[in-house]
Amino acid sequence: MPETAMRRQNLKTPGWAQKAFAWALHAGNRVMRDTPERKRPLFAALSGRVLEVGAGAGANVPLYPKDTQLIGVEPNRFMFRYLREESQKFRRVMHLLNGRAESLGLQDNSFDAVVCAHVLCSVDDLAAALNEILRVLRPGGLLLFVEHVAAPRATPLRVAQRLLSPFWQRVAGGCRLDRELWRALDRAGFTELTYEHFRLPWAVLFSPHIMGWARKPGPRRPQRG
Ligand SMILES: C[S@@+](CC[C@H](N)C(=O)[O-])C[C@H]1O[C@@H](n2cnc3c(N)ncnc32)[C@H](O)[C@@H]1O
């Protein structure tokens with residue numbers, strides 16, 4: 001898919017805020033070294049046509065096996081410069097589309113895998129986004145996810161997440177601190193939903209995470225690794 005086919009589809013946040021967020025994410029990627037190491041074994045299983053939803057500033061680009069065909073959907077066009085830089089640096093080709101998880105506008109059953117990393121916290125309509133991911137995955141295709149999530153209920157951290165989430169949503173591209181994502185995944189219609197909870201202690205409000213995969217119902221094809 002040529003990059004010239006990019007569609008215009010903007011976020012609600014003003015341009016200057018999108019630009020600042022893109023810069024900050026790019027800068028943050030340079031210092032955050034622990035999530036890439038955790039993600040590496042998960043990404044090693046990817047093959048074929050892979051869609052990254054909310055590809056951001058390209059933190060995951062180096063993790064993709066070299067022979068995967070990459071398509072990145074990203075609503076913030078200011079991210080594209082960084083995505084191109086990372087693709088060039090790590091010798092990957094990622095075709096970029098300006099779009100959103102809730103309406104991907106891509107063909108049914110057209111991807112072997114979809115990757116979501118720190119993006120499902122930000123989508124406005126989570127059920128619609130998961131529905132779209134299921135639609136574009138081929139039967140038996142994989143969703144891989146690494147996401148920060150809500151802390152356990154009735155803990156001080158969960159209370160802090162709930163109180164600060166409305167403010168954070170405004171300044172950080174719609175990111176919710178207190179999403180119980182695993183419940184939405186459980187209801188969405190995937191099979192083999194498999195994940196682990198883990199914590200990034202330094203990340204304070206974002207420290208609770210889940211990482212894992214789920215499969216679209218259908219026949220399995222052999223995976224790498
Ligand atoms: C925290 S960044 C993560 C970026 C990247 N996946 C990573 O692992 O570094 C969240 C990204 O999701 C994008 N995003 C926000 N709302 C979205 C939506 N509705 N659909 C797709 N992407 C979205 C943001 O523009 C941003 O690039």
# chains A, B, ... in the order shown; residues from 1 in each chain; ligands from 1

$ select_by_dssp --residues "region 4-208 of chain A" --states "strand (DSSP E or B)" --output "ChimeraX atom specification"
/A:49-53,69-73,94-97,100,103,111-117,137-148,191-199,208

$ residues_around --residues "Arg158 (chain A)" --least-positions-apart "6" --cutoff "12 Å" --atoms "only C-alpha atoms" --output "list in words"
Val149, Ala150, Ala151, Pro152, Leu164, Ser165, Arg176, Leu177, Asp178, Arg179, Glu180, Val204, Leu205, Phe206, Ser207 and Pro208 of chain A

$ residues_around --residues "Glu192 (chain A)" --least-positions-apart "5" --cutoff "8 Å" --atoms "only C-alpha atoms" --output "count of residues only"
3

$ residues_near_ligand --ligand "ligand 1" --cutoff "6 Å" --atoms "only C-alpha atoms and all ligand atoms" --output "mmCIF file with N, CA, C and O atoms, in the first residue's frame"
data_model
loop_
_atom_site.group_PDB
_atom_site.id
_atom_site.type_symbol
_atom_site.label_atom_id
_atom_site.label_comp_id
_atom_site.auth_asym_id
_atom_site.auth_seq_id
_atom_site.Cartn_x
_atom_site.Cartn_y
_atom_site.Cartn_z
ATOM 1 N N VAL A 53 -1.460 -1.061 15.325
ATOM 2 C CA VAL A 53 -2.467 -0.029 15.552
ATOM 3 C C VAL A 53 -1.887 0.990 16.536
ATOM 4 O O VAL A 53 -1.428 0.622 17.616
ATOM 5 N N GLY A 54 -1.887 2.265 16.142
ATOM 6 C CA GLY A 54 -1.295 3.294 17.018
ATOM 7 C C GLY A 54 0.211 3.101 17.116
ATOM 8 O O GLY A 54 0.758 2.918 18.201
ATOM 9 N N ALA A 55 0.870 3.167 15.969
ATOM 10 C CA ALA A 55 2.302 2.822 15.914
ATOM 11 C C ALA A 55 3.185 3.863 16.590
ATOM 12 O O ALA A 55 4.370 3.613 16.836
ATOM 13 N N GLY A 56 2.643 5.034 16.885
ATOM 14 C CA GLY A 56 3.351 6.037 17.671
ATOM 15 C C GLY A 56 4.626 6.517 17.003
ATOM 16 O O GLY A 56 4.671 6.786 15.794
ATOM 17 N N ALA A 59 8.490 2.812 18.512
ATOM 18 C CA ALA A 59 9.231 2.051 19.531
ATOM 19 C C ALA A 59 9.337 0.569 19.181
ATOM 20 O O ALA A 59 10.312 -0.097 19.536
ATOM 21 N N ASN A 60 8.332 0.065 18.463
ATOM 22 C CA ASN A 60 8.314 -1.384 18.205
ATOM 23 C C ASN A 60 8.974 -1.791 16.893
ATOM 24 O O ASN A 60 9.163 -2.988 16.648
ATOM 25 N N GLU A 74 -1.964 5.149 12.371
ATOM 26 C CA GLU A 74 -1.659 6.129 13.417
ATOM 27 C C GLU A 74 -2.469 7.405 13.140
ATOM 28 O O GLU A 74 -2.411 7.937 12.032
ATOM 29 N N PRO A 75 -3.247 7.865 14.136
ATOM 30 C CA PRO A 75 -4.064 9.065 13.888
ATOM 31 C C PRO A 75 -3.283 10.373 13.947
ATOM 32 O O PRO A 75 -3.732 11.376 13.406
ATOM 33 N N ASN A 76 -2.117 10.363 14.587
ATOM 34 C CA ASN A 76 -1.337 11.595 14.770
ATOM 35 C C ASN A 76 -0.247 11.656 13.691
ATOM 36 O O ASN A 76 0.760 10.958 13.758
ATOM 37 N N ARG A 100 -7.656 5.403 12.568
ATOM 38 C CA ARG A 100 -7.944 5.124 13.976
ATOM 39 C C ARG A 100 -8.399 3.680 14.139
ATOM 40 O O ARG A 100 -8.988 3.092 13.229
ATOM 41 N N ALA A 101 -8.179 3.168 15.344
ATOM 42 C CA ALA A 101 -8.511 1.776 15.629
ATOM 43 C C ALA A 101 -9.994 1.487 15.447
ATOM 44 O O ALA A 101 -10.375 0.397 15.022
ATOM 45 N N ALA A 117 0.262 -1.858 21.301
ATOM 46 C CA ALA A 117 1.175 -1.630 22.424
ATOM 47 C C ALA A 117 0.912 -0.239 22.986
ATOM 48 O O ALA A 117 1.128 0.760 22.292
ATOM 49 N N HIS A 118 0.418 -0.193 24.183
ATOM 50 C CA HIS A 118 0.127 1.083 24.855
ATOM 51 C C HIS A 118 -0.765 1.970 23.994
ATOM 52 O O HIS A 118 -0.527 3.171 23.867
ATOM 53 N N VAL A 119 -1.780 1.376 23.426
ATOM 54 C CA VAL A 119 -2.703 2.152 22.585
ATOM 55 C C VAL A 119 -4.158 1.940 22.988
ATOM 56 O O VAL A 119 -4.980 2.860 22.879
ATOM 57 N N SER A 122 -6.068 4.437 24.939
ATOM 58 C CA SER A 122 -6.376 5.743 24.341
ATOM 59 C C SER A 122 -7.575 5.739 23.404
ATOM 60 O O SER A 122 -8.069 6.806 23.060
ATOM 61 N N VAL A 123 -8.005 4.556 22.954
ATOM 62 C CA VAL A 123 -9.102 4.576 21.982
ATOM 63 C C VAL A 123 -10.405 4.971 22.677
ATOM 64 O O VAL A 123 -10.649 4.594 23.815
ATOM 65 N N ASP A 124 -11.226 5.765 21.973
ATOM 66 C CA ASP A 124 -12.472 6.255 22.574
ATOM 67 C C ASP A 124 -13.458 5.122 22.794
ATOM 68 O O ASP A 124 -14.092 5.033 23.830
ATOM 69 N N GLY A 173 -3.298 12.569 24.994
ATOM 70 C CA GLY A 173 -3.908 11.945 23.811
ATOM 71 C C GLY A 173 -5.039 10.983 24.123
ATOM 72 O O GLY A 173 -5.218 9.994 23.409
#

$ atom_distance --atom1 "CA of Val73 (chain A)" --atom2 "CA of Leu97 (chain A)"
4.8 Å

$ atom_distance --atom1 "CA of Ile210 (chain A)" --atom2 "CA of Thr191 (chain A)"
16.9 Å

$ residues_around --residues "region 106-111 of chain A" --least-positions-apart "3" --cutoff "6 Å" --atoms "only C-alpha atoms" --output "ChimeraX atom specification"
/A:49-50,135-138

$ write_last_selection --atoms "all heavy atoms" --output "short mmCIF file (atom, residue, chain, number, x, y, z; two decimals), in the first residue's frame"
data_model
loop_
_atom_site.label_atom_id
_atom_site.label_comp_id
_atom_site.auth_asym_id
_atom_site.auth_seq_id
_atom_site.Cartn_x
_atom_site.Cartn_y
_atom_site.Cartn_z
N ARG A 49 1.67 -10.72 7.16
CA ARG A 49 1.20 -9.32 7.11
C ARG A 49 0.78 -8.90 8.51
O ARG A 49 -0.13 -9.49 9.11
CB ARG A 49 -0.02 -9.27 6.18
CG ARG A 49 0.11 -8.31 5.03
CD ARG A 49 -1.01 -8.58 4.06
NE ARG A 49 -2.14 -7.64 4.25
CZ ARG A 49 -2.15 -6.40 3.81
NH1 ARG A 49 -1.13 -5.90 3.17
NH2 ARG A 49 -3.21 -5.64 3.99
N VAL A 50 1.43 -7.85 9.00
CA VAL A 50 1.22 -7.44 10.40
C VAL A 50 0.78 -5.98 10.44
O VAL A 50 1.41 -5.12 9.81
CB VAL A 50 2.53 -7.60 11.21
CG1 VAL A 50 2.34 -7.13 12.66
CG2 VAL A 50 2.99 -9.06 11.20
N ARG A 135 -12.20 -8.03 12.80
CA ARG A 135 -12.65 -8.01 11.40
C ARG A 135 -11.46 -8.12 10.43
O ARG A 135 -11.51 -8.86 9.46
CB ARG A 135 -13.44 -6.73 11.12
CG ARG A 135 -14.03 -6.64 9.72
CD ARG A 135 -14.76 -5.33 9.48
NE ARG A 135 -13.88 -4.17 9.50
CZ ARG A 135 -13.02 -3.84 8.53
NH1 ARG A 135 -12.94 -4.59 7.46
NH2 ARG A 135 -12.24 -2.77 8.64
N VAL A 136 -10.38 -7.37 10.72
CA VAL A 136 -9.27 -7.36 9.75
C VAL A 136 -8.33 -8.56 9.91
O VAL A 136 -7.56 -8.86 9.00
CB VAL A 136 -8.47 -6.03 9.78
CG1 VAL A 136 -9.38 -4.84 9.49
CG2 VAL A 136 -7.70 -5.84 11.09
N LEU A 137 -8.38 -9.22 11.06
CA LEU A 137 -7.55 -10.43 11.23
C LEU A 137 -8.11 -11.56 10.39
O LEU A 137 -9.32 -11.73 10.29
CB LEU A 137 -7.57 -10.87 12.70
CG LEU A 137 -6.55 -10.24 13.65
CD1 LEU A 137 -6.83 -10.72 15.08
CD2 LEU A 137 -5.12 -10.57 13.25
N ARG A 138 -7.21 -12.38 9.83
CA ARG A 138 -7.69 -13.58 9.14
C ARG A 138 -8.13 -14.59 10.21
O ARG A 138 -7.67 -14.51 11.37
CB ARG A 138 -6.58 -14.17 8.27
CG ARG A 138 -5.40 -14.69 9.08
CD ARG A 138 -4.57 -15.67 8.31
NE ARG A 138 -3.33 -15.97 8.99
CZ ARG A 138 -3.18 -16.81 10.00
NH1 ARG A 138 -4.22 -17.44 10.51
NH2 ARG A 138 -1.99 -17.02 10.54
#

$ atom_distance --atom1 "CA of Glu86 (chain A)" --atom2 "CA of Lys12 (chain A)"
26.1 Å

$ decode --residues "region 71-129 of chain A" --atoms "C-alpha atoms" --output "tab-separated table (two decimals), in the first residue's frame"
chain	number	residue	atom	x	y	z
A	71	ILE	CA	1.44	-1.59	8.05
A	72	GLY	CA	1.13	1.07	10.75
A	73	VAL	CA	-2.12	2.91	11.47
A	74	GLU	CA	-1.66	6.13	13.42
A	75	PRO	CA	-4.06	9.06	13.89
A	76	ASN	CA	-1.34	11.59	14.77
A	77	ARG	CA	0.48	12.59	11.59
A	78	PHE	CA	3.33	14.16	13.57
A	79	MET	CA	4.39	10.62	14.48
A	80	PHE	CA	5.11	9.75	10.85
A	81	ARG	CA	8.48	11.50	10.76
A	82	TYR	CA	9.70	9.41	13.71
A	83	LEU	CA	8.20	6.21	12.29
A	84	ARG	CA	10.09	6.80	9.04
A	85	GLU	CA	13.31	7.51	10.93
A	86	GLU	CA	13.02	4.31	12.98
A	87	SER	CA	12.15	2.25	9.89
A	88	GLN	CA	15.21	3.57	8.09
A	89	LYS	CA	17.46	3.07	11.11
A	90	PHE	CA	16.39	-0.54	11.62
A	91	ARG	CA	15.98	-1.40	7.92
A	92	ARG	CA	12.30	-2.18	8.07
A	93	VAL	CA	9.57	-1.03	5.69
A	94	MET	CA	6.39	0.12	7.41
A	95	HIS	CA	3.60	1.49	5.22
A	96	LEU	CA	1.83	4.26	7.10
A	97	LEU	CA	-1.86	5.04	7.20
A	98	ASN	CA	-3.50	7.96	8.95
A	99	GLY	CA	-6.44	6.34	10.73
A	100	ARG	CA	-7.94	5.12	13.98
A	101	ALA	CA	-8.51	1.78	15.63
A	102	GLU	CA	-12.27	2.25	15.73
A	103	SER	CA	-12.56	2.51	11.93
A	104	LEU	CA	-9.52	0.96	10.30
A	105	GLY	CA	-10.95	1.03	6.80
A	106	LEU	CA	-8.90	-2.04	5.83
A	107	GLN	CA	-10.09	-5.26	4.21
A	108	ASP	CA	-11.75	-8.08	6.17
A	109	ASN	CA	-9.50	-11.05	7.04
A	110	SER	CA	-6.42	-9.35	5.57
A	111	PHE	CA	-3.80	-9.57	8.38
A	112	ASP	CA	-1.95	-12.48	9.97
A	113	ALA	CA	-1.45	-10.45	13.14
A	114	VAL	CA	-2.38	-7.17	14.78
A	115	VAL	CA	-0.18	-5.52	17.41
A	116	CYS	CA	-1.42	-3.10	20.07
A	117	ALA	CA	1.18	-1.63	22.42
A	118	HIS	CA	0.13	1.08	24.85
A	119	VAL	CA	-2.70	2.15	22.58
A	120	LEU	CA	-5.92	0.50	23.80
A	121	CYS	CA	-5.85	2.87	26.80
A	122	SER	CA	-6.38	5.74	24.34
A	123	VAL	CA	-9.10	4.58	21.98
A	124	ASP	CA	-12.47	6.26	22.57
A	125	ASP	CA	-14.60	3.20	21.85
A	126	LEU	CA	-12.76	0.11	23.00
A	127	ALA	CA	-15.47	-2.38	21.94
A	128	ALA	CA	-15.53	-0.89	18.42
A	129	ALA	CA	-11.71	-1.05	18.20
